[in-house]
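Chemist: Got a structure for you, protein-v3.tsv, holding TSV, C-alpha atoms.
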```tsv
chain	number	residue	atom	x	y	z
A	1	MET	CA	27.03	14.08	-2.45
A	2	THR	CA	24.78	11.23	-1.35
A	3	SER	CA	24.13	11.13	2.39
A	4	THR	CA	23.95	8.01	4.54
A	5	SER	CA	20.23	8.63	5.15
A	6	GLU	CA	19.54	8.82	1.41
A	7	ARG	CA	21.33	5.52	0.85
A	8	SER	CA	19.33	3.99	3.68
A	9	ASP	CA	16.06	5.16	2.10
A	10	ARG	CA	17.06	3.73	-1.26
A	11	ALA	CA	17.91	0.36	0.31
A	12	LYS	CA	14.26	-0.11	1.31
A	13	HIS	CA	12.97	-0.91	-2.17
A	14	ALA	CA	11.28	-4.29	-2.42
A	15	PRO	CA	12.27	-6.86	-5.10
A	16	THR	CA	9.28	-5.86	-7.22
A	17	GLY	CA	7.45	-2.60	-7.79
A	18	ARG	CA	6.18	-0.22	-10.45
A	19	LEU	CA	7.90	2.39	-12.58
A	20	TRP	CA	5.78	5.47	-13.31
A	21	ALA	CA	6.14	7.96	-16.14
A	22	PRO	CA	5.05	11.57	-15.45
A	23	ASP	CA	1.96	11.11	-17.64
A	24	GLY	CA	0.63	8.43	-15.26
A	25	PHE	CA	1.55	5.37	-17.36
A	26	SER	CA	3.26	2.61	-15.33
A	27	VAL	CA	4.74	-0.86	-15.74
A	28	PRO	CA	5.56	-3.62	-13.25
A	29	VAL	CA	9.29	-4.11	-12.67
A	30	SER	CA	11.66	-6.37	-10.81
A	31	ILE	CA	14.26	-4.43	-8.84
A	32	THR	CA	17.92	-5.28	-8.33
A	33	GLN	CA	19.60	-2.64	-6.22
A	34	SER	CA	23.23	-2.08	-5.29
A	35	ALA	CA	24.82	0.78	-3.37
A	36	ASP	CA	25.23	2.91	-6.49
A	37	GLU	CA	22.53	1.92	-8.97
A	38	ILE	CA	19.26	0.12	-9.57
A	39	LEU	CA	18.62	-2.26	-12.44
A	40	LEU	CA	15.01	-2.74	-13.49
A	41	VAL	CA	13.51	-5.51	-15.60
A	42	ILE	CA	10.17	-4.44	-17.06
A	43	LEU	CA	7.84	-7.41	-16.59
A	44	ALA	CA	5.07	-6.32	-18.98
A	45	GLY	CA	4.47	-3.47	-21.42
A	46	ALA	CA	8.14	-2.70	-22.07
A	47	ALA	CA	7.72	-1.58	-25.69
A	48	GLU	CA	4.98	0.91	-24.82
A	49	PHE	CA	6.87	2.31	-21.83
A	50	VAL	CA	10.26	2.86	-23.49
A	51	ALA	CA	8.56	4.51	-26.47
A	52	GLY	CA	8.09	7.54	-24.24
A	53	PRO	CA	10.59	9.78	-22.42
A	54	LEU	CA	12.71	8.06	-19.77
A	55	SER	CA	13.14	11.15	-17.61
A	56	TYR	CA	11.17	12.39	-14.57
A	57	LEU	CA	10.27	8.83	-13.62
A	58	MET	CA	9.17	7.53	-10.23
A	59	LEU	CA	10.15	4.10	-8.93
A	60	GLU	CA	7.68	2.79	-6.37
A	61	SER	CA	7.68	-0.35	-4.23
A	62	THR	CA	6.00	-1.51	-1.05
A	63	GLY	CA	8.00	-3.10	1.75
A	64	GLY	CA	7.57	-3.85	5.41
A	65	ARG	CA	7.80	-0.16	6.34
A	66	GLY	CA	5.41	1.12	3.71
A	67	VAL	CA	5.59	2.61	0.21
A	68	VAL	CA	8.98	3.84	-1.03
A	69	ARG	CA	9.15	6.27	-3.95
A	70	THR	CA	12.39	7.29	-5.65
A	71	PRO	CA	12.54	9.88	-8.47
A	72	GLY	CA	15.01	9.53	-11.31
A	73	ALA	CA	15.65	8.82	-14.96
A	74	ALA	CA	16.46	5.63	-16.84
A	75	GLU	CA	18.95	4.39	-19.41
A	76	LEU	CA	17.82	1.65	-21.76
A	77	LEU	CA	20.30	-1.27	-21.72
A	78	GLU	CA	18.17	-3.92	-23.43
A	79	PRO	CA	14.56	-3.94	-24.72
A	80	ASN	CA	13.21	-4.64	-21.23
A	81	LEU	CA	16.23	-3.78	-19.03
A	82	LEU	CA	16.79	-0.28	-17.59
A	83	ARG	CA	19.46	1.29	-15.44
A	84	PHE	CA	17.69	3.64	-13.05
A	85	VAL	CA	19.62	6.82	-12.23
A	86	PHE	CA	18.76	8.65	-9.03
A	87	ASP	CA	17.51	12.19	-9.26
A	88	GLN	CA	19.69	14.51	-7.22
A	89	THR	CA	16.71	16.68	-6.23
A	90	PRO	CA	15.03	14.85	-3.31
A	91	GLU	CA	12.04	17.21	-3.19
A	92	LEU	CA	10.81	15.70	-6.46
A	93	VAL	CA	9.55	12.81	-4.33
A	94	GLN	CA	6.80	15.14	-3.24
A	95	ARG	CA	5.79	16.31	-6.74
A	96	ARG	CA	2.01	16.43	-6.90
A	97	GLU	CA	2.00	15.34	-10.53
A	98	PHE	CA	2.78	11.79	-9.48
A	99	VAL	CA	-0.49	11.40	-7.57
A	100	ARG	CA	-2.87	9.58	-9.90
A	101	VAL	CA	-6.48	8.51	-9.67
A	102	THR	CA	-8.62	6.24	-11.77
A	103	VAL	CA	-11.53	8.33	-12.96
A	104	ALA	CA	-13.77	8.38	-16.04
A	105	LYS	CA	-14.35	11.96	-17.19
A	106	ARG	CA	-15.12	13.40	-20.60
A	107	ALA	CA	-12.08	14.85	-22.38
A	108	VAL	CA	-12.54	16.72	-25.67
A	109	LEU	CA	-9.41	17.01	-27.83
A	110	GLU	CA	-9.08	19.60	-30.61
A	111	ASN	CA	-6.37	20.81	-32.97
A	112	GLU	CA	-5.13	24.42	-33.09
A	113	GLU	CA	-7.79	25.29	-35.68
A	114	GLY	CA	-10.51	24.23	-33.25
A	115	ASP	CA	-11.46	21.06	-35.11
A	116	MET	CA	-12.46	18.20	-32.83
A	117	LEU	CA	-10.05	15.27	-32.95
A	118	ALA	CA	-11.67	13.09	-30.31
A	119	ASP	CA	-14.44	13.01	-27.74
A	120	ALA	CA	-12.56	10.79	-25.32
A	121	LEU	CA	-12.88	9.44	-21.77
A	122	SER	CA	-10.19	9.64	-19.13
A	123	VAL	CA	-8.88	6.44	-17.57
A	124	ASP	CA	-6.15	7.72	-15.25
A	125	LEU	CA	-5.67	11.34	-14.26
A	126	SER	CA	-2.85	13.27	-12.57
A	127	GLY	CA	-1.61	16.82	-12.32
A	128	GLY	CA	0.89	16.12	-15.08
A	129	GLY	CA	-1.14	14.22	-17.64
A	130	MET	CA	-3.86	11.70	-18.31
A	131	LEU	CA	-4.50	8.37	-19.92
A	132	VAL	CA	-7.54	8.51	-22.21
A	133	GLN	CA	-9.73	6.01	-24.00
A	134	LEU	CA	-10.19	7.21	-27.57
A	135	PRO	CA	-13.01	6.42	-29.96
A	136	ARG	CA	-12.12	3.46	-32.15
A	137	ALA	CA	-9.45	4.09	-34.83
A	138	THR	CA	-8.81	7.67	-33.71
A	139	GLU	CA	-5.46	9.07	-34.85
A	140	LEU	CA	-3.79	11.87	-32.89
A	141	PRO	CA	-0.89	13.94	-34.28
A	142	ALA	CA	2.39	12.89	-32.69
A	143	GLU	CA	4.15	16.27	-32.75
A	144	ASP	CA	1.40	18.89	-32.63
A	145	GLU	CA	-0.07	20.42	-29.51
A	146	LEU	CA	-3.54	19.21	-28.63
A	147	TYR	CA	-6.10	21.48	-27.04
A	148	PHE	CA	-8.12	19.71	-24.36
A	149	THR	CA	-11.15	20.40	-22.23
A	150	LEU	CA	-11.58	18.06	-19.28
A	151	TYR	CA	-14.99	18.00	-17.62
A	152	LEU	CA	-14.59	17.26	-13.90
A	153	GLY	CA	-18.20	17.81	-12.88
A	154	LEU	CA	-21.32	15.76	-13.43
A	155	THR	CA	-22.28	17.73	-16.53
A	156	GLU	CA	-20.35	19.69	-19.14
A	157	TYR	CA	-21.57	22.90	-17.50
A	158	ASP	CA	-19.88	22.05	-14.19
A	159	ASP	CA	-16.23	22.35	-13.25
A	160	GLN	CA	-13.89	22.00	-16.21
A	161	VAL	CA	-10.24	22.64	-16.96
A	162	SER	CA	-8.56	23.25	-20.29
A	163	GLY	CA	-5.12	23.72	-21.78
A	164	THR	CA	-2.73	22.09	-24.20
A	165	ALA	CA	-1.21	18.62	-24.14
A	166	LYS	CA	1.06	16.45	-26.23
A	167	LEU	CA	0.82	12.81	-27.15
A	168	ILE	CA	3.38	10.85	-25.13
A	169	ARG	CA	2.56	7.37	-26.38
A	170	LYS	CA	-0.25	5.49	-28.13
A	171	LEU	CA	-1.23	2.30	-26.34
A	172	SER	CA	-3.10	-0.78	-27.36
A	173	GLY	CA	-6.89	-0.79	-27.13
A	174	ASP	CA	-7.25	2.76	-28.53
A	175	ARG	CA	-5.71	4.33	-25.44
A	176	ALA	CA	-3.31	7.27	-25.43
A	177	ALA	CA	-1.11	8.83	-22.76
A	178	LEU	CA	-1.11	12.62	-22.87
A	179	GLY	CA	1.24	14.96	-21.03
A	180	PHE	CA	-0.09	18.39	-20.10
A	181	HIS	CA	1.91	21.17	-21.73
A	182	GLU	CA	0.33	24.51	-20.89
A	183	MET	CA	-2.46	25.23	-18.43
A	184	ASP	CA	-3.61	28.26	-16.50
A	185	ARG	CA	-2.14	28.08	-13.00
A	186	ARG	CA	-5.51	28.39	-11.30
A	187	GLU	CA	-6.97	25.62	-13.43
A	188	GLN	CA	-3.99	23.37	-12.75
A	189	GLU	CA	-4.36	23.96	-9.01
A	190	ARG	CA	-8.05	23.10	-9.29
A	191	LEU	CA	-7.18	19.91	-11.15
A	192	ILE	CA	-4.60	18.93	-8.53
A	193	ARG	CA	-7.10	19.55	-5.72
A	194	TYR	CA	-9.59	17.36	-7.57
A	195	VAL	CA	-7.01	14.57	-7.96
A	196	PHE	CA	-6.08	14.69	-4.28
A	197	GLU	CA	-9.72	14.67	-3.18
A	198	ARG	CA	-10.43	11.63	-5.36
A	199	GLN	CA	-7.38	9.92	-3.88
A	200	ARG	CA	-8.57	10.74	-0.35
A	201	ILE	CA	-11.97	9.20	-1.07
A	202	ALA	CA	-10.38	6.08	-2.62
A	203	LEU	CA	-8.11	5.59	0.40
A	204	ALA	CA	-11.06	6.02	2.76
A	205	VAL	CA	-13.02	3.36	0.91
A	206	THR	CA	-10.00	1.01	1.00
A	207	ARG	CA	-9.65	1.48	4.76
A	208	GLY	CA	-13.40	1.18	5.31
A	209	ASP	CA	-13.74	4.54	7.09
A	210	THR	CA	-16.47	5.98	4.87
A	211	ASP	CA	-18.74	7.55	7.43
```
Could the structure of this file be written out as structure tokens, please?

Modeler:
Amino acid sequence: MTSTSERSDRAKHAPTGRLWAPDGFSVPVSITQSADEILLVILAGAAEFVAGPLSYLMLESTGGRGVVRTPGAAELLEPNLLRFVFDQTPELVQRREFVRVTVAKRAVLENEEGDMLADALSVDLSGGGMLVQLPRATELPAEDELYFTLYLGLTEYDDQVSGTAKLIRKLSGDRAALGFHEMDRREQERLIRYVFERQRIALAVTRGDTD
């Protein structure tokens, strides 16, 4: 049952915001909210966004009292119109996977036989996936697992994490959104710490407190 406080939190969404997929891909949206539902009009990039899963989404907007984030799923009503359904598990608001940073790091993608598919570069990175810039005209298998090695340090001999991922969507400009599938727990924790540290540095630069 929805509590009064939850309804109050939901009422704080601004008229415009962003809708985030768990792989870090996002689109700008206009927000029309009633007591029971939210309707979203995707303002740009609708075809690319709805090509991926519409579950485990995060709706984000900034109002007078700060940033509001609401987890949920979506139902496609029209090509650029979604009905946003609230997630009934409030703790998902705190999921670390939704913290993203813009960072350029080498990402090597291989198939299960160990053949290199791409020597790519990350664009956005989170605990749940990454957006990568692929070499021109690179084709990735849509259904197969991809084996990745992500180099977080300054050289390929420094800190790195590896695991498997799946292609979520192929974007224009030879970019691809990948969702992490399997990763050693310790490596995932190291990746999440890295993402949070990069976010902390970015926020410090934005505020100007970079002593």

Chemist: Skip stretch 114-116 of chain A itself and residues of its chain fewer than 2 positions away, then list as a count of residues only all residues within 12 Å of it, counting only C-alpha atoms.

Modeler: 17

Chemist: Counting all atoms listed in the file, which residues of stretch 134-168 of chain A fall within 12 Å of stretch 41-54 of chain A, and what is the closest atom pair for each with its distance in Å at one decimal, ordered by chain and rising number, as a tab-separated table?

Modeler:
```
residue	atom	partner	partner_atom	distance
A:Ala142	CA	A:Gly52	CA	11.5
A:Lys166	CA	A:Gly52	CA	11.5
A:Leu167	CA	A:Gly52	CA	9.4
A:Ile168	CA	A:Gly52	CA	5.8
```

Chemist: Of the residues A:Thr164, A:Ser55, A:Ser126, A:Ser30, which is the one nearest to A:Phe196, using only C-alpha atoms?

Modeler: A:Ser126

Chemist: In Å, with one decimal, what is the gap from atom CA of A:Glu60 to atom CA of A:Arg169?

Modeler: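 Here the two named atoms are 21.2 Å from each other.
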
Chemist: For a quick check of understanding, using all atoms listed in the file, which of A:Ala14, A:Ala177, A:Ala165, A:Leu121 has the smallest distance to A:Leu134?

Modeler: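 Between A:Ala14, A:Ala177, A:Ala165, A:Leu121, the residue approaching A:Leu134 most closely is A:Leu121.
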
Chemist: So the first atom is atom CA of A:His13 and the second is atom CA of A:Glu75; what is the distance between them in Å, to one decimal place?

Modeler: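 About the pair atom CA of A:His13 and atom CA of A:Glu75: they are 19.0 Å apart.
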
Chemist: Go through A:His181, A:Val27, A:Arg18, A:Asp174 and flag the residue nearest A:Arg69, using only C-alpha atoms for the distances.

Modeler: A:Arg18

Chemist: What's the 8 Å shell around A:Phe180, counting all atoms listed in the file, without same-chain residues fewer than 2 positions away, as a list in words?

Modeler: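 Final neighbour list, sorted by chain and number: Asp23, Gly128, Gly129, Met130, Gly163, Thr164, Ala165, Lys166, Leu178, Glu182 and Met183 of chain A.
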
Chemist: Please compute the atom CA of A:Arg136-atom CA of A:Arg100 distance, one decimal, in Å.

Modeler: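 Distance reported for this atom pair: 24.9 Å.
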
Chemist: As a PDB file, keeping the file's coordinate frame, could you write out stretch 42-60 of chain A once it has been completed with N, CA, C and O atoms?

Modeler:
```
ATOM      1  N   ILE A  42      11.590  -4.715 -16.846  1.00  0.00           N
ATOM      2  CA  ILE A  42      10.170  -4.440 -17.060  1.00  0.00           C
ATOM      3  C   ILE A  42       9.458  -5.765 -17.329  1.00  0.00           C
ATOM      4  O   ILE A  42       9.796  -6.482 -18.273  1.00  0.00           O
ATOM      5  N   LEU A  43       8.486  -6.102 -16.523  1.00  0.00           N
ATOM      6  CA  LEU A  43       7.840  -7.410 -16.590  1.00  0.00           C
ATOM      7  C   LEU A  43       6.735  -7.469 -17.622  1.00  0.00           C
ATOM      8  O   LEU A  43       6.399  -8.550 -18.103  1.00  0.00           O
ATOM      9  N   ALA A  44       6.143  -6.349 -17.970  1.00  0.00           N
ATOM     10  CA  ALA A  44       5.070  -6.320 -18.980  1.00  0.00           C
ATOM     11  C   ALA A  44       4.939  -4.903 -19.513  1.00  0.00           C
ATOM     12  O   ALA A  44       5.097  -3.940 -18.778  1.00  0.00           O
ATOM     13  N   GLY A  45       4.679  -4.777 -20.812  1.00  0.00           N
ATOM     14  CA  GLY A  45       4.470  -3.470 -21.420  1.00  0.00           C
ATOM     15  C   GLY A  45       5.730  -2.686 -21.702  1.00  0.00           C
ATOM     16  O   GLY A  45       5.692  -1.460 -21.784  1.00  0.00           O
ATOM     17  N   ALA A  46       6.858  -3.384 -21.883  1.00  0.00           N
ATOM     18  CA  ALA A  46       8.140  -2.700 -22.070  1.00  0.00           C
ATOM     19  C   ALA A  46       8.144  -1.816 -23.316  1.00  0.00           C
ATOM     20  O   ALA A  46       8.598  -0.672 -23.280  1.00  0.00           O
ATOM     21  N   ALA A  47       7.656  -2.333 -24.432  1.00  0.00           N
ATOM     22  CA  ALA A  47       7.720  -1.580 -25.690  1.00  0.00           C
ATOM     23  C   ALA A  47       6.951  -0.271 -25.588  1.00  0.00           C
ATOM     24  O   ALA A  47       7.412   0.778 -26.067  1.00  0.00           O
ATOM     25  N   GLU A  48       5.783  -0.301 -24.960  1.00  0.00           N
ATOM     26  CA  GLU A  48       4.980   0.910 -24.820  1.00  0.00           C
ATOM     27  C   GLU A  48       5.659   1.910 -23.884  1.00  0.00           C
ATOM     28  O   GLU A  48       5.653   3.112 -24.117  1.00  0.00           O
ATOM     29  N   PHE A  49       6.269   1.413 -22.804  1.00  0.00           N
ATOM     30  CA  PHE A  49       6.870   2.310 -21.830  1.00  0.00           C
ATOM     31  C   PHE A  49       8.103   3.007 -22.389  1.00  0.00           C
ATOM     32  O   PHE A  49       8.243   4.222 -22.269  1.00  0.00           O
ATOM     33  N   VAL A  50       9.011   2.254 -23.007  1.00  0.00           N
ATOM     34  CA  VAL A  50      10.260   2.860 -23.490  1.00  0.00           C
ATOM     35  C   VAL A  50      10.049   3.689 -24.741  1.00  0.00           C
ATOM     36  O   VAL A  50      10.965   4.400 -25.175  1.00  0.00           O
ATOM     37  N   ALA A  51       8.857   3.645 -25.328  1.00  0.00           N
ATOM     38  CA  ALA A  51       8.560   4.510 -26.470  1.00  0.00           C
ATOM     39  C   ALA A  51       8.429   5.962 -26.038  1.00  0.00           C
ATOM     40  O   ALA A  51       8.529   6.870 -26.861  1.00  0.00           O
ATOM     41  N   GLY A  52       8.211   6.184 -24.744  1.00  0.00           N
ATOM     42  CA  GLY A  52       8.090   7.540 -24.240  1.00  0.00           C
ATOM     43  C   GLY A  52       9.372   8.012 -23.580  1.00  0.00           C
ATOM     44  O   GLY A  52      10.358   7.271 -23.504  1.00  0.00           O
ATOM     45  N   PRO A  53       9.396   9.243 -23.089  1.00  0.00           N
ATOM     46  CA  PRO A  53      10.590   9.780 -22.420  1.00  0.00           C
ATOM     47  C   PRO A  53      10.943   8.966 -21.184  1.00  0.00           C
ATOM     48  O   PRO A  53      10.065   8.497 -20.460  1.00  0.00           O
ATOM     49  N   LEU A  54      12.239   8.816 -20.929  1.00  0.00           N
ATOM     50  CA  LEU A  54      12.710   8.060 -19.770  1.00  0.00           C
ATOM     51  C   LEU A  54      13.268   8.986 -18.695  1.00  0.00           C
ATOM     52  O   LEU A  54      14.154   8.601 -17.921  1.00  0.00           O
ATOM     53  N   SER A  55      12.759  10.199 -18.637  1.00  0.00           N
ATOM     54  CA  SER A  55      13.140  11.150 -17.610  1.00  0.00           C
ATOM     55  C   SER A  55      11.946  11.468 -16.730  1.00  0.00           C
ATOM     56  O   SER A  55      10.805  11.167 -17.086  1.00  0.00           O
ATOM     57  N   TYR A  56      12.210  12.047 -15.552  1.00  0.00           N
ATOM     58  CA  TYR A  56      11.170  12.390 -14.570  1.00  0.00           C
ATOM     59  C   TYR A  56      10.305  11.177 -14.237  1.00  0.00           C
ATOM     60  O   TYR A  56       9.073  11.251 -14.203  1.00  0.00           O
ATOM     61  N   LEU A  57      10.959  10.060 -13.977  1.00  0.00           N
ATOM     62  CA  LEU A  57      10.270   8.830 -13.620  1.00  0.00           C
ATOM     63  C   LEU A  57      10.161   8.725 -12.098  1.00  0.00           C
ATOM     64  O   LEU A  57      10.849   9.414 -11.350  1.00  0.00           O
ATOM     65  N   MET A  58       9.293   7.815 -11.658  1.00  0.00           N
ATOM     66  CA  MET A  58       9.170   7.530 -10.230  1.00  0.00           C
ATOM     67  C   MET A  58       9.140   6.020 -10.042  1.00  0.00           C
ATOM     68  O   MET A  58       8.294   5.329 -10.609  1.00  0.00           O
ATOM     69  N   LEU A  59      10.105   5.519  -9.279  1.00  0.00           N
ATOM     70  CA  LEU A  59      10.150   4.100  -8.930  1.00  0.00           C
ATOM     71  C   LEU A  59       9.441   3.919  -7.600  1.00  0.00           C
ATOM     72  O   LEU A  59       9.741   4.621  -6.627  1.00  0.00           O
ATOM     73  N   GLU A  60       8.512   2.975  -7.561  1.00  0.00           N
ATOM     74  CA  GLU A  60       7.680   2.790  -6.370  1.00  0.00           C
ATOM     75  C   GLU A  60       7.640   1.317  -5.995  1.00  0.00           C
ATOM     76  O   GLU A  60       7.460   0.450  -6.849  1.00  0.00           O
TER      77      GLU A  60
END
```
